[in-house]
Amino acid sequence: MSLKPAIALAGAAAFLATAAAAEPVTLRIQNHYGTEHPMGKAIAQFVDDVQVMSGGDITIEMFYASSVVATTETFDAAISGILDCDMTGGAYQTGKNPAFQFVGDIMGGYDTPWQQYSWFHYGGGNDAAQKLYGDQNMYLVGWTIYGQESLSSSRPIAGFDDLKGWKFRSPPGMETEIFEELGASPIVMDFTEIFTALETGIIDGADASGLNNNVGLGLYDIVKHATYPGFHSMPSDHLACNLDVWNSLTDQQRRIIDTAMQKLGFQVALANEKLNAEAAAKLQAEGVTLYDWSPEDRATFRAAAQSAWERWAEKNDETRDLVESHKAYMKQLGIIE
């Protein structure tokens, strides 16, 4: 054997020995879904993908249904080291920095998950978001975006005239501002209170989730009207890891987690598109009326949302940077002028 091949083989053997010697890691991650929820099952597949692709080099201890700390405390638990990663959503962290609204739920922004994924991967979104997360000593691995949410209602909700005085459950934050401006009466309440509030007439409707998830919640056993396809809200759940933990992983380990997260995100969007279409057909057959708002009404809502974006952008530089990044990319896509 010549000297060069011998040196090459020795180098390859040394590389493989180094790779084999990488310390196995266990990552403690919390999400806010139950194990039997479709998202919970998808997350279980993510865990399996990471562990199989890593050959057991990465073990994930996944905590479901916010079983370690409250959902809103998951991010802080990852920062402090109680957990290693947070698999809830950035929108829970607007109290830390209002800029998190624009990595959690842009409101009236992109039409499809694919557009928002495109912003993150190809439109400068990754750099803009990492600065925000990095300031909290966290790293944003990626998103799962299941698509547009549907408004559910006990009365017709065909357009803006139907929003006047419409009392509905709203999450906190920018959404309440937008809908108040349009004449509705948003009431911030916990997700778990929606069913009883609808039954007792405290609210006329709810912004809860996508159409198929709303079916699973049993909302259409009570109310018989909904918007579909949705237009107002498309929340994203993130995988965000403690930056020190993320940096301690090998390049191989980080690449495996990133790849598995992209698979999870894209498959969630694909699966929900199918499930929502099936739910729509089923609900219509059962007498639920679905309202597809006109392009003109959608444009009016987006204009109101953009006004709210500008107000929020005045809060600090980080929010302004994210708003401008989204606007620039939406103009490229032709979503806004």
# chains A, B, ... in the order shown; residues from 1 in each chain; ligands from 1
$ residues_around --residues "Asn213 of chain A" --least-positions-apart "6" --cutoff "10 Å" --atoms "only C-alpha atoms" --output "PyMOL selection string"
chain A and resi 37-39+149-150+219+272+275-276+279
$ select_by_dssp --residues "segment 6-111 of chain A" --states "helix (DSSP H, G or I)" --output "count of residues only"
52
$ select_by_dssp --residues "segment 26-152 of chain A" --states "strand (DSSP E or B)" --output "list of chain:residue names"
A:Thr26, A:Leu27, A:Arg28, A:Ile29, A:Gln30, A:Asn31, A:Ile58, A:Thr59, A:Ile60, A:Glu61, A:Met62, A:Phe63, A:Cys85, A:Asp86, A:Met87, A:Met138, A:Tyr139, A:Leu140, A:Val141, A:Gly142, A:Trp143, A:Thr144, A:Ile145, A:Leu151, A:Ser152
$ residues_around --residues "Ala240 of chain A" --least-positions-apart "3" --cutoff "6 Å" --atoms "only C-alpha atoms" --output "PyMOL selection string"
chain A and resi 85-86+139-141
$ atom_distance --atom1 "atom CA of Leu132 of chain A" --atom2 "atom CA of Asp84 of chain A"
18.1 Å
$ closest_residue --among "A:Ala277, A:Tyr33, A:Val25, A:Phe231" --to "Ser54 of chain A" --atoms "only C-alpha atoms"
A:Val25
$ atom_distance --atom1 "atom CA of Ala65 of chain A" --atom2 "atom CA of Asn31 of chain A"
6.2 Å
$ closest_residue --among "A:Gly287, A:Gly134, A:Gly165, A:Pro172" --to "Val223 of chain A" --atoms "only C-alpha atoms"
A:Gly287
$ closest_residue --among "A:Trp246, A:Phe266, A:Trp312, A:Tyr291" --to "Arg155 of chain A" --atoms "only C-alpha atoms"
A:Tyr291
$ closest_residue --among "A:Glu181, A:Glu193, A:Glu273, A:Asp317" --to "Gly210 of chain A" --atoms "only C-alpha atoms"
A:Glu273
$ closest_residue --among "A:Ile145, A:Ala299, A:Val68, A:Val245" --to "Gly104 of chain A" --atoms "only C-alpha atoms"
A:Ile145
$ closest_residue --among "A:Gln101, A:Thr250, A:Asn242, A:Thr59" --to "Glu318 of chain A" --atoms "only C-alpha atoms"
A:Gln101
$ residues_around --residues "Ser154 of chain A" --least-positions-apart "2" --cutoff "7 Å" --atoms "only C-alpha atoms" --output "list in words"
Asp204, Gly205, Val223, Lys224 and His225 of chain A
$ residues_around --residues "Gln253 of chain A" --least-positions-apart "5" --cutoff "12 Å" --atoms "only C-alpha atoms" --output "list of chain:residue names"
A:Ala19, A:Ala22, A:Glu23, A:Pro24, A:Val25, A:Thr26, A:Leu27, A:Val50, A:Gln51, A:Val52, A:Met53, A:Ser54, A:Gly55, A:Gly56, A:Asp57, A:Ile58, A:Thr59, A:Val245, A:Trp246, A:Asn247, A:Ser248, A:Asp258, A:Thr259, A:Ala260
$ write_last_selection --atoms "N, CA and C atoms" --output "short mmCIF file (atom, residue, chain, number, x, y, z; two decimals), in the first residue's frame"
data_model
loop_
_atom_site.label_atom_id
_atom_site.label_comp_id
_atom_site.auth_asym_id
_atom_site.auth_seq_id
_atom_site.Cartn_x
_atom_site.Cartn_y
_atom_site.Cartn_z
N ALA A 19 -15.96 10.80 16.07
CA ALA A 19 -17.42 10.85 16.00
C ALA A 19 -18.03 9.86 17.00
N ALA A 22 -18.17 11.00 20.62
CA ALA A 22 -19.02 12.13 21.02
C ALA A 22 -19.91 11.71 22.18
N GLU A 23 -20.00 12.57 23.17
CA GLU A 23 -20.77 12.24 24.36
C GLU A 23 -22.26 12.16 24.03
N PRO A 24 -22.92 11.07 24.36
CA PRO A 24 -24.39 11.03 24.21
C PRO A 24 -25.04 12.09 25.09
N VAL A 25 -26.15 12.63 24.61
CA VAL A 25 -26.82 13.70 25.36
C VAL A 25 -28.29 13.33 25.57
N THR A 26 -28.85 13.85 26.64
CA THR A 26 -30.29 13.75 26.89
C THR A 26 -30.85 15.17 26.96
N LEU A 27 -31.85 15.45 26.15
CA LEU A 27 -32.47 16.77 26.12
C LEU A 27 -33.85 16.69 26.75
N VAL A 50 -35.30 11.84 15.82
CA VAL A 50 -34.02 12.31 16.35
C VAL A 50 -33.23 11.15 16.94
N GLN A 51 -33.90 10.31 17.71
CA GLN A 51 -33.20 9.22 18.39
C GLN A 51 -32.70 8.17 17.39
N VAL A 52 -33.50 7.89 16.35
CA VAL A 52 -33.08 6.90 15.36
C VAL A 52 -31.95 7.46 14.49
N MET A 53 -32.10 8.69 14.00
CA MET A 53 -31.07 9.26 13.13
C MET A 53 -29.74 9.43 13.87
N SER A 54 -29.80 9.67 15.16
CA SER A 54 -28.57 9.84 15.93
C SER A 54 -27.98 8.52 16.40
N GLY A 55 -28.65 7.42 16.10
CA GLY A 55 -28.16 6.12 16.55
C GLY A 55 -28.10 6.01 18.06
N GLY A 56 -29.02 6.72 18.72
CA GLY A 56 -29.05 6.70 20.18
C GLY A 56 -28.12 7.70 20.82
N ASP A 57 -27.43 8.50 20.00
CA ASP A 57 -26.52 9.51 20.52
C ASP A 57 -27.28 10.65 21.21
N ILE A 58 -28.54 10.88 20.78
CA ILE A 58 -29.40 11.89 21.38
C ILE A 58 -30.64 11.20 21.93
N THR A 59 -30.89 11.39 23.20
CA THR A 59 -32.12 10.92 23.82
C THR A 59 -32.95 12.14 24.18
N VAL A 245 -26.79 25.04 25.88
CA VAL A 245 -27.04 23.63 25.58
C VAL A 245 -26.86 23.39 24.09
N TRP A 246 -27.45 24.25 23.26
CA TRP A 246 -27.36 24.09 21.80
C TRP A 246 -25.90 24.13 21.34
N ASN A 247 -25.14 25.07 21.86
CA ASN A 247 -23.74 25.20 21.45
C ASN A 247 -22.88 24.04 21.94
N SER A 248 -23.34 23.35 22.99
CA SER A 248 -22.57 22.21 23.50
C SER A 248 -22.76 20.95 22.66
N ASP A 258 -32.17 19.79 13.71
CA ASP A 258 -32.69 20.75 12.74
C ASP A 258 -33.47 20.04 11.63
N THR A 259 -32.92 18.95 11.12
CA THR A 259 -33.57 18.20 10.04
C THR A 259 -34.90 17.60 10.51
N ALA A 260 -34.88 17.02 11.70
CA ALA A 260 -36.11 16.43 12.24
C ALA A 260 -37.17 17.50 12.48
#
